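Coordinates from data_1.cif are shown below (mmCIF, C-alpha atoms).
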data_model
#
loop_
_atom_site.label_atom_id
_atom_site.label_comp_id
_atom_site.auth_asym_id
_atom_site.auth_seq_id
_atom_site.Cartn_x
_atom_site.Cartn_y
_atom_site.Cartn_z
CA MET A 1 -9.45 -0.39 -16.26
CA VAL A 2 -10.20 -3.56 -14.29
CA PRO A 3 -8.91 -6.64 -16.14
CA ASP A 4 -11.02 -9.78 -15.88
CA GLU A 5 -8.19 -11.61 -14.08
CA LEU A 6 -8.02 -8.95 -11.38
CA TRP A 7 -11.79 -8.70 -11.03
CA GLU A 8 -12.00 -12.48 -10.50
CA ARG A 9 -9.81 -12.05 -7.44
CA ILE A 10 -11.62 -8.99 -6.07
CA GLU A 11 -15.26 -9.94 -6.57
CA PRO A 12 -15.38 -12.81 -3.99
CA LEU A 13 -13.89 -10.47 -1.37
CA LEU A 14 -16.54 -7.76 -1.64
CA PRO A 15 -19.18 -7.75 1.10
CA VAL A 16 -22.69 -8.64 -0.06
CA GLN A 17 -25.26 -5.93 0.59
CA GLN A 18 -28.78 -7.22 1.27
CA ARG A 19 -31.39 -5.05 -0.41
CA ASN A 20 -34.39 -3.90 1.60
CA PHE A 21 -37.30 -5.00 -0.58
CA ARG A 22 -39.80 -3.01 1.47
CA TYR A 23 -37.91 0.24 0.91
CA PRO A 24 -35.57 -0.63 -1.97
CA GLY A 25 -34.57 2.92 -2.86
CA ARG A 26 -32.29 3.59 -5.78
CA LYS A 27 -30.66 0.56 -7.35
CA ARG A 28 -27.08 0.07 -6.20
CA LEU A 29 -24.46 0.79 -8.85
CA PRO A 30 -22.51 -2.35 -9.93
CA ASP A 31 -19.35 -2.86 -7.91
CA ARG A 32 -17.10 -3.19 -10.95
CA GLN A 33 -18.13 0.22 -12.28
CA VAL A 34 -17.46 1.80 -8.89
CA LEU A 35 -14.07 0.11 -8.69
CA CYS A 36 -13.22 1.65 -12.07
CA GLY A 37 -14.03 5.05 -10.60
CA ILE A 38 -11.84 4.40 -7.55
CA LEU A 39 -8.93 3.39 -9.78
CA PHE A 40 -9.49 6.46 -11.95
CA VAL A 41 -9.07 8.68 -8.90
CA LEU A 42 -6.03 6.68 -7.73
CA TYR A 43 -4.32 7.02 -11.11
CA THR A 44 -5.20 10.63 -11.92
CA ALA A 45 -5.67 12.28 -8.47
CA ILE A 46 -8.79 13.98 -9.81
CA PRO A 47 -11.02 15.39 -7.02
CA TRP A 48 -13.95 13.14 -6.16
CA GLU A 49 -16.49 15.81 -7.10
CA PHE A 50 -15.00 16.11 -10.60
CA LEU A 51 -15.15 12.39 -11.39
CA PRO A 52 -16.69 12.24 -14.90
CA GLN A 53 -20.02 10.44 -14.55
CA GLU A 54 -20.37 10.11 -18.31
CA LEU A 55 -17.72 7.36 -18.11
CA GLY A 56 -20.14 5.24 -16.07
CA PHE A 57 -18.27 5.37 -12.75
CA GLY A 58 -21.12 6.86 -10.77
CA SER A 59 -20.77 9.92 -8.57
CA GLY A 60 -17.59 10.69 -6.71
CA MET A 61 -19.40 10.34 -3.37
CA THR A 62 -20.59 6.85 -4.34
CA CYS A 63 -17.03 5.81 -5.13
CA TRP A 64 -15.74 7.45 -1.93
CA ARG A 65 -18.29 5.63 0.24
CA ARG A 66 -17.61 2.30 -1.44
CA LEU A 67 -13.82 2.74 -1.01
CA ALA A 68 -14.26 3.40 2.72
CA GLU A 69 -16.74 0.52 3.06
CA TRP A 70 -14.46 -2.00 1.36
CA HIS A 71 -11.42 -0.81 3.29
CA ALA A 72 -13.27 -1.27 6.58
CA ALA A 73 -14.20 -4.80 5.44
CA GLY A 74 -10.51 -5.58 4.80
CA VAL A 75 -10.95 -6.10 1.06
CA TRP A 76 -7.72 -4.41 -0.02
CA GLN A 77 -5.60 -6.16 2.61
CA GLN A 78 -7.07 -9.54 1.65
CA LEU A 79 -6.42 -8.82 -2.02
CA HIS A 80 -2.82 -7.89 -1.24
CA GLU A 81 -2.29 -11.12 0.72
CA ILE A 82 -3.84 -13.24 -2.06
CA LEU A 83 -1.50 -11.72 -4.64
CA LEU A 84 1.50 -12.17 -2.34
CA ALA A 85 0.56 -15.85 -2.00
CA GLU A 86 0.42 -16.17 -5.79
CA LEU A 87 3.83 -14.54 -6.09
CA HIS A 88 5.16 -16.92 -3.45
CA ALA A 89 3.72 -19.93 -5.27
CA ALA A 90 5.36 -18.74 -8.48
CA ASP A 91 8.76 -18.33 -6.72
CA GLN A 92 8.70 -14.59 -7.35
CA LEU A 93 9.28 -13.55 -3.72
CA ASP A 94 12.85 -13.29 -2.45
CA TRP A 95 12.73 -14.20 1.24
CA SER A 96 16.52 -14.16 1.58
CA LYS A 97 16.30 -10.46 2.47
CA ALA A 98 13.92 -7.58 3.00
CA VAL A 99 14.45 -3.83 2.63
CA ILE A 100 12.78 -0.97 4.50
CA ASP A 101 12.53 2.78 3.86
CA GLY A 102 10.20 5.75 4.19
CA SER A 103 9.15 8.68 2.03
CA HIS A 104 7.60 12.04 2.89
CA VAL A 105 4.52 13.47 1.11
CA ARG A 106 2.71 16.75 1.58
CA ALA A 107 -0.64 16.64 3.41
CA MET A 108 -2.60 19.52 1.93
CA LYS A 109 -5.61 19.35 4.26
CA GLY A 110 -4.11 18.04 7.48
CA GLY A 111 -5.88 15.34 9.45
CA PRO A 112 -4.83 12.34 11.56
CA LYS A 113 -1.32 10.95 11.00
CA THR A 114 0.09 14.25 9.79
CA GLY A 115 2.71 16.52 11.31
CA PRO A 116 5.21 19.31 10.63
CA SER A 117 7.86 17.93 8.31
CA PRO A 118 11.52 18.46 9.29
CA VAL A 119 12.51 18.18 5.59
CA ASP A 120 9.87 20.53 4.14
CA ARG A 121 10.11 23.72 6.23
CA ALA A 122 7.68 22.38 8.85
CA ARG A 123 4.85 22.09 6.34
CA THR A 124 2.18 19.56 7.21
CA GLY A 125 2.95 16.15 5.78
CA SER A 126 2.78 12.40 6.18
CA LYS A 127 5.19 9.53 5.66
CA HIS A 128 4.80 6.31 3.71
CA HIS A 129 6.83 3.52 5.30
CA VAL A 130 7.40 0.44 3.13
CA ILE A 131 9.02 -2.96 3.56
CA THR A 132 9.71 -5.06 0.47
CA ASP A 133 11.19 -8.44 -0.29
CA GLY A 134 14.60 -8.71 -1.95
CA ALA A 135 13.04 -8.20 -5.39
CA GLY A 136 11.02 -5.13 -4.42
CA ALA A 137 7.52 -6.60 -3.98
CA PRO A 138 5.75 -4.56 -1.25
CA LEU A 139 5.09 -6.76 1.78
CA ALA A 140 3.57 -4.13 4.07
CA ILE A 141 3.05 -0.37 4.24
CA THR A 142 2.19 2.04 7.06
CA LEU A 143 1.26 5.72 7.37
CA THR A 144 2.53 8.16 10.00
CA GLY A 145 2.87 11.88 10.51
CA GLY A 146 5.64 13.70 8.68
CA ASN A 147 7.43 14.43 11.96
CA ARG A 148 7.73 10.77 12.98
CA HIS A 149 11.22 9.28 12.80
CA ASP A 150 11.65 6.43 10.33
CA VAL A 151 13.01 4.07 12.96
CA THR A 152 9.73 4.15 14.90
CA GLN A 153 8.18 2.08 12.10
CA LEU A 154 10.93 -0.53 11.87
CA ILE A 155 9.35 -3.09 14.19
CA PRO A 156 5.72 -2.25 13.25
CA LEU A 157 6.57 -2.87 9.59
CA VAL A 158 8.27 -6.18 10.32
CA ASP A 159 5.23 -7.22 12.37
CA ALA A 160 2.85 -6.01 9.65
CA VAL A 161 4.19 -8.52 7.10
CA PRO A 162 1.30 -11.00 6.75
CA PRO A 163 1.74 -14.78 6.80
CA VAL A 164 2.20 -15.52 3.10
CA ARG A 165 0.77 -18.82 1.91
CA GLY A 166 1.01 -20.34 -1.53
CA LYS A 167 3.20 -23.38 -0.84
CA VAL A 168 2.96 -26.54 1.20
CA GLY A 169 3.98 -26.06 4.81
CA ARG A 170 3.82 -23.17 7.24
CA PRO A 171 3.16 -19.69 5.81
CA ARG A 172 6.28 -17.61 5.27
CA ARG A 173 6.54 -14.33 7.16
CA ARG A 174 10.12 -13.54 8.10
CA PRO A 175 13.06 -12.79 5.77
CA LYS A 176 16.57 -13.87 6.68
CA LEU A 177 18.17 -10.43 6.40
CA LEU A 178 16.91 -6.87 6.75
CA TYR A 179 18.58 -3.91 5.01
CA ALA A 180 18.05 -0.27 5.99
CA ASP A 181 19.80 3.10 5.70
CA ARG A 182 21.36 5.30 8.38
CA ALA A 183 17.99 6.54 9.64
CA TYR A 184 17.52 3.15 11.34
CA ASN A 185 20.96 3.14 12.97
CA PHE A 186 20.05 2.36 16.61
CA ASP A 187 21.55 -0.63 18.42
CA VAL A 188 18.39 -1.20 20.47
CA TYR A 189 16.44 -1.74 17.26
CA ARG A 190 19.13 -4.03 15.90
CA GLN A 191 18.64 -6.17 18.99
CA ARG A 192 14.87 -6.19 18.55
CA VAL A 193 15.22 -7.27 14.93
CA ARG A 194 17.62 -10.07 15.91
CA ALA A 195 15.14 -11.20 18.56
CA LYS A 196 12.70 -11.91 15.72
CA GLY A 197 15.20 -14.19 14.01
CA ILE A 198 16.26 -11.64 11.38
CA THR A 199 19.84 -10.47 10.82
CA PRO A 200 19.94 -6.65 10.44
CA HIS A 201 22.25 -4.92 7.96
CA ILE A 202 21.86 -1.24 8.79
CA ALA A 203 24.25 1.47 7.61
CA ARG A 204 26.02 3.16 10.51
CA ARG A 205 25.87 6.90 10.92
CA GLY A 206 29.19 8.60 10.21
CA ALA A 207 30.53 5.75 8.09
CA ALA A 208 31.90 6.62 4.67
CA HIS A 209 29.63 6.21 1.66
CA GLY A 210 30.20 3.22 -0.56
CA SER A 211 29.48 0.55 2.05
CA GLY A 212 27.81 -1.59 -0.62
CA LEU A 213 24.40 -1.73 1.08
CA GLY A 214 22.90 0.34 -1.71
CA VAL A 215 23.20 -2.69 -3.97
CA HIS A 216 20.46 -4.26 -1.86
CA ARG A 217 18.48 -1.19 -0.77
CA TRP A 218 17.70 0.31 -4.18
CA VAL A 219 14.70 -2.01 -4.68
CA VAL A 220 12.66 -0.30 -1.96
CA GLU A 221 13.35 3.11 -3.50
CA ARG A 222 12.06 1.75 -6.81
CA THR A 223 8.93 0.45 -5.07
CA ILE A 224 8.31 3.85 -3.46
CA ALA A 225 8.67 5.41 -6.92
CA LEU A 226 6.09 2.92 -8.23
CA LEU A 227 3.72 3.85 -5.39
CA HIS A 228 4.09 7.52 -6.22
CA TRP A 229 3.45 6.74 -9.87
CA PHE A 230 -0.16 6.65 -8.65
CA ARG A 231 -0.78 10.39 -8.63
CA ARG A 232 -3.17 10.21 -5.65
CA LEU A 233 -0.27 9.05 -3.46
CA ARG A 234 2.18 11.80 -4.44
CA VAL A 235 0.29 14.30 -2.29
CA ARG A 236 -2.08 13.40 0.52
CA TRP A 237 -5.41 15.08 -0.23
CA GLU A 238 -7.52 13.03 2.19
CA ILE A 239 -8.28 14.37 5.65
CA ARG A 240 -9.27 10.89 6.83
CA ASP A 241 -6.24 8.68 7.26
CA ASP A 242 -8.18 5.47 6.57
CA ILE A 243 -9.08 6.68 3.05
CA HIS A 244 -5.43 7.40 2.28
CA GLU A 245 -4.41 4.03 3.74
CA ALA A 246 -7.02 2.37 1.53
CA PHE A 247 -5.37 3.91 -1.53
CA MET A 248 -1.93 2.82 -0.26
CA THR A 249 -2.95 -0.82 0.23
CA LEU A 250 -4.78 -0.94 -3.10
CA ALA A 251 -1.69 0.44 -4.85
CA CYS A 252 0.49 -2.25 -3.22
CA ALA A 253 -1.93 -4.91 -4.47
CA ILE A 254 -1.81 -3.52 -8.00
CA ILE A 255 2.01 -3.53 -7.98
CA CYS A 256 1.94 -7.21 -6.98
CA TYR A 257 -0.65 -7.93 -9.69
CA ARG A 258 1.59 -6.32 -12.30
CA ARG A 259 4.43 -8.60 -11.26
CA LEU A 260 2.19 -11.58 -11.95
CA ASN A 261 0.88 -10.06 -15.19
CA PRO A 262 3.60 -7.81 -16.65
CA ARG A 263 1.56 -7.03 -19.76
CA SER A 264 -1.55 -5.97 -17.86
CA PHE A 265 -2.90 -2.49 -18.50
CA CYS A 266 -4.17 -2.12 -14.92
#

Show me this structure written as structure tokens.
Amino acid sequence: MVPDELWERIEPLLPVQQRNFRYPGRKRLPDRQVLCGILFVLYTAIPWEFLPQELGFGSGMTCWRRLAEWHAAGVWQQLHEILLAELHAADQLDWSKAVIDGSHVRAMKGGPKTGPSPVDRARTGSKHHVITDGAGAPLAITLTGGNRHDVTQLIPLVDAVPPVRGKVGRPRRRPKLLYADRAYNFDVYRQRVRAKGITPHIARRGAAHGSGLGVHRWVVERTIALLHWFRRLRVRWEIRDDIHEAFMTLACAIICYRRLNPRSFC
């Protein structure tokens, strides 16, 4: 499940654990096997306690601890930035525009960054907020409660786009244009986007359909569909928000990796 090309990018990012030779304890399971278990849960949404150990992944608790440990060390964010830099170097990022949108998911067990959803009969849920380049590559993603308005994440998402290297000169971070739907239709936010040197193209509430902005905005909806192709992200099962965010960032990195390697089985 972990191609050699992807593992070569991940392995240098993993923190090195020094073994206590006086009290060595049980030998630590190889990181690559644990990563396979994490990906198995991400793809299938199987509960951690039901992770099949006969496949060599180790126990579900081992994989859970390692996922949290690597997320705290910034491994997934670094991996995402490395892959964005490779896409940039290969001229596969469209910086002429960016697109932003959000999607609601059920939160079955509650926890931080959840809330009563206004679109799901006040059931507890969360929102995935995504900003992509003009071709649909995920640049940044955030998590909020299901009762948070989409526009509250407009500026945080723009600021969350990392400086993307890969070419000679200053890292690229800002698109020229920003497209969004009617949920982001607030003049104060248009002004804040312009202050960052980005021209906003936001559909106005009450305007007739057929404005033409959908020609540009559909890519973010496709990216959200790709994120929810990972079954663990269709419904939030994690009480801890950092574990769910770890899955979100890892999924974004895998989507970028697939753009670099379209025939990969990862």

Legend entry - Nearest candidate to Gly134 of chain A (options A:Asp242, A:Glu221, A:Glu54, A:Glu49; using all atoms listed in the file): A:Glu221

Inset, instruction - Given the file shown, determine the residues that the PyMOL selection byres ((chain A and resi 128) around 7) selects; report them as a PyMOL selection string. - result: chain A and resi 102-104+126-127+129-130+141-144

Inset, instruction - Name the residues that the PyMOL selection byres ((chain A and resi 244-260) around 9) pulls out of this structure, and write them as JSON, numbers by chain. - result: {"A": [6, 38, 39, 42, 67, 68, 70, 71, 72, 76, 77, 79, 80, 81, 82, 83, 84, 86, 87, 90, 92, 128, 137, 138, 139, 140, 141, 142, 143, 223, 226, 227, 230, 232, 233, 236, 237, 238, 239, 240, 241, 242, 243, 261, 262, 263, 264, 265, 266]}

Inset, instruction - Name all residues at most 12 Å from segment 199-208 of chain A (count only C-alpha atoms; drop same-chain ones fewer than 6 positions away) and give them as a PyMOL selection string. - result: chain A and resi 96-101+151+154-155+158+174-193+214+216-217

Inset, instruction - Just say which residues the PyMOL selection byres ((chain A and resi 40) around 12) picks in this file, as JSON, numbers by chain. - result: {"A": [1, 2, 33, 34, 35, 36, 37, 38, 39, 41, 42, 43, 44, 45, 46, 47, 48, 50, 51, 52, 53, 55, 56, 57, 58, 60, 63, 64, 230, 231, 232, 247, 266]}

Produce a file of the selected residues containing C-alpha atoms, as a short mmCIF file (atom, residue, chain, number, x, y, z; two decimals), in the coordinates of the input.
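So selection.cif came out as:
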data_model
loop_
_atom_site.label_atom_id
_atom_site.label_comp_id
_atom_site.auth_asym_id
_atom_site.auth_seq_id
_atom_site.Cartn_x
_atom_site.Cartn_y
_atom_site.Cartn_z
CA MET A 1 -9.45 -0.39 -16.26
CA VAL A 2 -10.20 -3.56 -14.29
CA GLN A 33 -18.13 0.22 -12.28
CA VAL A 34 -17.46 1.80 -8.89
CA LEU A 35 -14.07 0.11 -8.69
CA CYS A 36 -13.22 1.65 -12.07
CA GLY A 37 -14.03 5.05 -10.60
CA ILE A 38 -11.84 4.40 -7.55
CA LEU A 39 -8.93 3.39 -9.78
CA VAL A 41 -9.07 8.68 -8.90
CA LEU A 42 -6.03 6.68 -7.73
CA TYR A 43 -4.32 7.02 -11.11
CA THR A 44 -5.20 10.63 -11.92
CA ALA A 45 -5.67 12.28 -8.47
CA ILE A 46 -8.79 13.98 -9.81
CA PRO A 47 -11.02 15.39 -7.02
CA TRP A 48 -13.95 13.14 -6.16
CA PHE A 50 -15.00 16.11 -10.60
CA LEU A 51 -15.15 12.39 -11.39
CA PRO A 52 -16.69 12.24 -14.90
CA GLN A 53 -20.02 10.44 -14.55
CA LEU A 55 -17.72 7.36 -18.11
CA GLY A 56 -20.14 5.24 -16.07
CA PHE A 57 -18.27 5.37 -12.75
CA GLY A 58 -21.12 6.86 -10.77
CA GLY A 60 -17.59 10.69 -6.71
CA CYS A 63 -17.03 5.81 -5.13
CA TRP A 64 -15.74 7.45 -1.93
CA PHE A 230 -0.16 6.65 -8.65
CA ARG A 231 -0.78 10.39 -8.63
CA ARG A 232 -3.17 10.21 -5.65
CA PHE A 247 -5.37 3.91 -1.53
CA CYS A 266 -4.17 -2.12 -14.92
#

Inset, instruction - Using only C-alpha atoms, determine which residues lie at most 8 Å from Val235 of chain A, disregarding the query and same-chain residues fewer than 4 positions distant; provide the list as number ranges by chain. - result: A: 105-108, 231

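Comparing A:Glu69, A:Met61, A:Asp91, A:Asn147 by their smallest distance to Gln17 of chain A, the closest is A:Glu69 (using all atoms listed in the file).
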
Legend entry - Residues within 10 Å of Pro118 of chain A, all atoms listed in the file, excluding chain neighbours under 5 positions, as JSON, numbers by chain: {"A": [104, 123, 124, 125, 146, 147, 148, 149]}

Segment 221-228 of chain A: axis-aligned bounding box, 8 Å on each side, centre and edge lengths in Å, one decimal, as JSON:
{"center_x": 8.5, "center_y": 4.0, "center_z": -5.8, "size_x": 25.6, "size_y": 23.1, "size_z": 20.8}

Since the input lacks some atoms of segment 124-142 of chain A, please model N, CA, C and O atoms and print them as an mmCIF file, keeping the file's coordinate frame.
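Below you can see selection_31.cif, which holds the result:
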data_model
loop_
_atom_site.group_PDB
_atom_site.id
_atom_site.type_symbol
_atom_site.label_atom_id
_atom_site.label_comp_id
_atom_site.auth_asym_id
_atom_site.auth_seq_id
_atom_site.Cartn_x
_atom_site.Cartn_y
_atom_site.Cartn_z
ATOM 1 N N THR A 124 2.900 20.761 6.801
ATOM 2 C CA THR A 124 2.180 19.560 7.210
ATOM 3 C C THR A 124 2.372 18.453 6.194
ATOM 4 O O THR A 124 2.209 18.661 4.983
ATOM 5 N N GLY A 125 2.721 17.272 6.684
ATOM 6 C CA GLY A 125 2.950 16.150 5.780
ATOM 7 C C GLY A 125 2.756 14.821 6.471
ATOM 8 O O GLY A 125 2.501 14.748 7.677
ATOM 9 N N SER A 126 2.859 13.767 5.684
ATOM 10 C CA SER A 126 2.780 12.400 6.180
ATOM 11 C C SER A 126 3.945 11.605 5.614
ATOM 12 O O SER A 126 4.642 12.071 4.709
ATOM 13 N N LYS A 127 4.137 10.416 6.153
ATOM 14 C CA LYS A 127 5.190 9.530 5.660
ATOM 15 C C LYS A 127 4.617 8.183 5.261
ATOM 16 O O LYS A 127 3.774 7.626 5.974
ATOM 17 N N HIS A 128 5.085 7.678 4.128
ATOM 18 C CA HIS A 128 4.800 6.310 3.710
ATOM 19 C C HIS A 128 5.995 5.446 4.086
ATOM 20 O O HIS A 128 7.114 5.715 3.644
ATOM 21 N N HIS A 129 5.761 4.438 4.899
ATOM 22 C CA HIS A 129 6.830 3.520 5.300
ATOM 23 C C HIS A 129 6.567 2.167 4.640
ATOM 24 O O HIS A 129 5.458 1.619 4.755
ATOM 25 N N VAL A 130 7.586 1.637 3.949
ATOM 26 C CA VAL A 130 7.400 0.440 3.130
ATOM 27 C C VAL A 130 8.472 -0.587 3.461
ATOM 28 O O VAL A 130 9.638 -0.238 3.680
ATOM 29 N N ILE A 131 8.073 -1.853 3.486
ATOM 30 C CA ILE A 131 9.020 -2.960 3.560
ATOM 31 C C ILE A 131 8.753 -3.863 2.361
ATOM 32 O O ILE A 131 7.603 -4.179 2.044
ATOM 33 N N THR A 132 9.830 -4.225 1.660
ATOM 34 C CA THR A 132 9.710 -5.060 0.470
ATOM 35 C C THR A 132 10.567 -6.316 0.627
ATOM 36 O O THR A 132 11.428 -6.393 1.512
ATOM 37 N N ASP A 133 10.311 -7.285 -0.244
ATOM 38 C CA ASP A 133 11.190 -8.440 -0.290
ATOM 39 C C ASP A 133 12.451 -8.066 -1.070
ATOM 40 O O ASP A 133 12.616 -6.923 -1.496
ATOM 41 N N GLY A 134 13.336 -9.007 -1.284
ATOM 42 C CA GLY A 134 14.600 -8.710 -1.950
ATOM 43 C C GLY A 134 14.444 -8.292 -3.388
ATOM 44 O O GLY A 134 15.366 -7.689 -3.968
ATOM 45 N N ALA A 135 13.293 -8.582 -3.999
ATOM 46 C CA ALA A 135 13.040 -8.200 -5.390
ATOM 47 C C ALA A 135 12.218 -6.933 -5.512
ATOM 48 O O ALA A 135 11.954 -6.474 -6.624
ATOM 49 N N GLY A 136 11.758 -6.379 -4.392
ATOM 50 C CA GLY A 136 11.020 -5.130 -4.420
ATOM 51 C C GLY A 136 9.510 -5.253 -4.332
ATOM 52 O O GLY A 136 8.810 -4.242 -4.427
ATOM 53 N N ALA A 137 8.974 -6.448 -4.137
ATOM 54 C CA ALA A 137 7.520 -6.600 -3.980
ATOM 55 C C ALA A 137 7.117 -6.042 -2.612
ATOM 56 O O ALA A 137 7.696 -6.424 -1.586
ATOM 57 N N PRO A 138 6.140 -5.139 -2.545
ATOM 58 C CA PRO A 138 5.750 -4.560 -1.250
ATOM 59 C C PRO A 138 5.083 -5.603 -0.354
ATOM 60 O O PRO A 138 4.083 -6.212 -0.728
ATOM 61 N N LEU A 139 5.642 -5.806 0.823
ATOM 62 C CA LEU A 139 5.090 -6.760 1.780
ATOM 63 C C LEU A 139 4.144 -6.100 2.766
ATOM 64 O O LEU A 139 3.160 -6.706 3.193
ATOM 65 N N ALA A 140 4.429 -4.860 3.136
ATOM 66 C CA ALA A 140 3.570 -4.130 4.070
ATOM 67 C C ALA A 140 3.867 -2.648 3.939
ATOM 68 O O ALA A 140 4.954 -2.253 3.499
ATOM 69 N N ILE A 141 2.900 -1.822 4.327
ATOM 70 C CA ILE A 141 3.050 -0.370 4.240
ATOM 71 C C ILE A 141 2.293 0.256 5.404
ATOM 72 O O ILE A 141 1.240 -0.237 5.813
ATOM 73 N N THR A 142 2.848 1.330 5.964
ATOM 74 C CA THR A 142 2.190 2.040 7.060
ATOM 75 C C THR A 142 2.233 3.535 6.790
ATOM 76 O O THR A 142 3.024 4.023 5.987
#
